[in-house]
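Student: Pasting a structure here, questions to come.
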Amino acid sequence: MTNTEQRIDAIFKRLQTEEFEPLREFLKSQLDAEFSSLKIAVEPSDFYRIQGMIRGLEMLLGKVTKKRG
């Protein structure tokens, strides 16, 4: 692992702390909003754009949420 990768990993670990719970709640609310938008999307381009946003939010939320277990 390079120095840059180690630094990025440390940042994501810090984002898992209690201090950043508001950020996680915001990301969850954004994810819910995008799922709601996906339900009413008509145009294929909107559908694909929203899907991409959902994937990005899920990835980011997974990085900043502490794994249980």
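Residues in the structure tokens are numbered from 1 in each chain, the chains being A, B, ... in the order shown, and ligands are numbered from 1 in the order shown.
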Give me, as a compact mmCIF listing (two decimals) with all heavy atoms, in the first residue's frame, all polymer residues having an atom no more than 12 Å from A:Leu38, counting only C-alpha atoms and skipping those fewer than 4 positions away in the same chain.
Tutor:
```
# COMPACT_ATOMS: atom_id res chain seq x y z
N LEU A 31 -29.49 9.18 -0.13
CA LEU A 31 -29.73 7.88 -0.76
C LEU A 31 -31.23 7.62 -0.85
O LEU A 31 -31.73 7.20 -1.91
CB LEU A 31 -29.02 6.79 0.03
CG LEU A 31 -28.96 5.40 -0.57
CD1 LEU A 31 -28.30 5.41 -1.94
CD2 LEU A 31 -28.21 4.45 0.36
N ASP A 32 -31.96 7.89 0.21
CA ASP A 32 -33.42 7.73 0.19
C ASP A 32 -34.07 8.62 -0.86
O ASP A 32 -34.98 8.20 -1.58
CB ASP A 32 -34.02 8.03 1.57
CG ASP A 32 -33.69 6.97 2.60
OD1 ASP A 32 -33.32 5.83 2.22
OD2 ASP A 32 -33.81 7.28 3.81
N ALA A 33 -33.59 9.85 -0.96
CA ALA A 33 -34.13 10.78 -1.95
C ALA A 33 -33.87 10.29 -3.38
O ALA A 33 -34.75 10.39 -4.25
CB ALA A 33 -33.52 12.17 -1.75
N GLU A 34 -32.70 9.75 -3.62
CA GLU A 34 -32.39 9.24 -4.95
C GLU A 34 -33.24 8.01 -5.29
O GLU A 34 -33.69 7.86 -6.42
CB GLU A 34 -30.90 8.90 -5.08
CG GLU A 34 -29.99 10.10 -5.06
CD GLU A 34 -30.25 11.10 -6.18
OE1 GLU A 34 -30.68 10.70 -7.28
OE2 GLU A 34 -30.01 12.30 -5.95
N VAL A 42 -38.56 8.63 -15.85
CA VAL A 42 -39.18 8.18 -17.09
C VAL A 42 -38.14 8.04 -18.19
O VAL A 42 -38.12 7.05 -18.91
CB VAL A 42 -40.30 9.17 -17.52
CG1 VAL A 42 -40.91 8.75 -18.84
CG2 VAL A 42 -41.37 9.28 -16.44
N GLU A 43 -37.28 9.02 -18.29
CA GLU A 43 -36.27 9.03 -19.35
C GLU A 43 -35.13 8.09 -19.01
O GLU A 43 -34.65 8.09 -17.86
CB GLU A 43 -35.71 10.45 -19.54
CG GLU A 43 -36.72 11.45 -20.02
CD GLU A 43 -37.21 11.15 -21.42
OE1 GLU A 43 -36.39 10.71 -22.27
OE2 GLU A 43 -38.41 11.34 -21.66
N PRO A 44 -34.66 7.32 -19.98
CA PRO A 44 -33.53 6.41 -19.71
C PRO A 44 -32.29 7.15 -19.18
O PRO A 44 -31.61 6.65 -18.28
CB PRO A 44 -33.25 5.78 -21.07
CG PRO A 44 -34.54 5.85 -21.80
CD PRO A 44 -35.19 7.13 -21.33
N SER A 45 -32.04 8.34 -19.68
CA SER A 45 -30.86 9.08 -19.21
C SER A 45 -31.00 9.44 -17.73
O SER A 45 -30.01 9.38 -16.98
CB SER A 45 -30.64 10.33 -20.05
OG SER A 45 -31.76 11.20 -19.96
N ASP A 46 -32.19 9.80 -17.30
CA ASP A 46 -32.41 10.08 -15.88
C ASP A 46 -32.24 8.82 -15.05
O ASP A 46 -31.64 8.84 -13.98
CB ASP A 46 -33.82 10.65 -15.65
CG ASP A 46 -34.00 12.03 -16.24
OD1 ASP A 46 -32.99 12.73 -16.45
OD2 ASP A 46 -35.15 12.41 -16.49
N PHE A 47 -32.78 7.73 -15.55
CA PHE A 47 -32.69 6.44 -14.87
C PHE A 47 -31.23 6.06 -14.64
O PHE A 47 -30.83 5.72 -13.53
CB PHE A 47 -33.40 5.38 -15.70
CG PHE A 47 -33.45 4.02 -15.07
CD1 PHE A 47 -34.32 3.75 -14.03
CD2 PHE A 47 -32.63 3.02 -15.53
CE1 PHE A 47 -34.37 2.50 -13.45
CE2 PHE A 47 -32.66 1.76 -14.96
CZ PHE A 47 -33.53 1.50 -13.91
N TYR A 48 -30.41 6.17 -15.67
CA TYR A 48 -28.99 5.81 -15.55
C TYR A 48 -28.22 6.77 -14.65
O TYR A 48 -27.36 6.36 -13.88
CB TYR A 48 -28.34 5.73 -16.93
CG TYR A 48 -28.93 4.66 -17.80
CD1 TYR A 48 -29.32 4.93 -19.10
CD2 TYR A 48 -29.12 3.36 -17.32
CE1 TYR A 48 -29.88 3.94 -19.90
CE2 TYR A 48 -29.67 2.37 -18.12
CZ TYR A 48 -30.05 2.67 -19.40
OH TYR A 48 -30.60 1.68 -20.19
N ARG A 49 -28.55 8.05 -14.74
CA ARG A 49 -27.89 9.05 -13.90
C ARG A 49 -28.19 8.79 -12.42
O ARG A 49 -27.29 8.79 -11.57
CB ARG A 49 -28.35 10.46 -14.28
CG ARG A 49 -27.71 11.56 -13.44
CD ARG A 49 -28.32 12.93 -13.74
NE ARG A 49 -29.76 12.97 -13.54
CZ ARG A 49 -30.38 13.04 -12.36
NH1 ARG A 49 -29.67 13.05 -11.25
NH2 ARG A 49 -31.69 13.09 -12.27
N ILE A 50 -29.46 8.52 -12.13
CA ILE A 50 -29.85 8.26 -10.74
C ILE A 50 -29.22 6.97 -10.24
O ILE A 50 -28.76 6.90 -9.09
CB ILE A 50 -31.39 8.23 -10.61
CG1 ILE A 50 -31.97 9.62 -10.94
CG2 ILE A 50 -31.81 7.80 -9.21
CD1 ILE A 50 -33.48 9.63 -11.13
N GLN A 51 -29.19 5.96 -11.08
CA GLN A 51 -28.53 4.70 -10.69
C GLN A 51 -27.06 4.95 -10.32
O GLN A 51 -26.56 4.40 -9.34
CB GLN A 51 -28.59 3.67 -11.81
CG GLN A 51 -29.85 2.88 -11.87
CD GLN A 51 -29.77 1.80 -12.93
OE1 GLN A 51 -29.19 1.99 -14.00
NE2 GLN A 51 -30.36 0.66 -12.64
N GLY A 52 -26.39 5.76 -11.12
CA GLY A 52 -24.99 6.08 -10.85
C GLY A 52 -24.82 6.83 -9.53
O GLY A 52 -23.90 6.56 -8.76
N MET A 53 -25.74 7.76 -9.26
CA MET A 53 -25.69 8.50 -8.00
C MET A 53 -25.91 7.55 -6.83
O MET A 53 -25.20 7.64 -5.81
CB MET A 53 -26.77 9.59 -8.00
CG MET A 53 -26.79 10.40 -6.74
SD MET A 53 -25.32 11.40 -6.49
CE MET A 53 -25.72 12.79 -7.50
N ILE A 54 -26.85 6.63 -6.96
CA ILE A 54 -27.11 5.66 -5.90
C ILE A 54 -25.87 4.80 -5.64
O ILE A 54 -25.48 4.59 -4.49
CB ILE A 54 -28.34 4.79 -6.24
CG1 ILE A 54 -29.61 5.64 -6.12
CG2 ILE A 54 -28.42 3.56 -5.34
CD1 ILE A 54 -30.87 4.96 -6.64
```
Student: Name all residues at most 9 Å from A:Thr17 (count only C-alpha atoms; drop same-chain ones fewer than 2 positions away) and give them as number ranges by chain.
Tutor: A: 13-15, 19-21, 64-66
Student: What is the atom CA of A:Pro22-atom CA of A:Asn3 distance in Å, reported with one decimal?
Tutor: 28.7 Å
Student: Could you check which of A:Ser36, A:Ala10, A:Gln30, A:Glu18 is closest to A:Lys63, using only C-alpha atoms?
Tutor: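 Counting only C-alpha atoms, the residue closest to A:Lys63 is A:Ala10.
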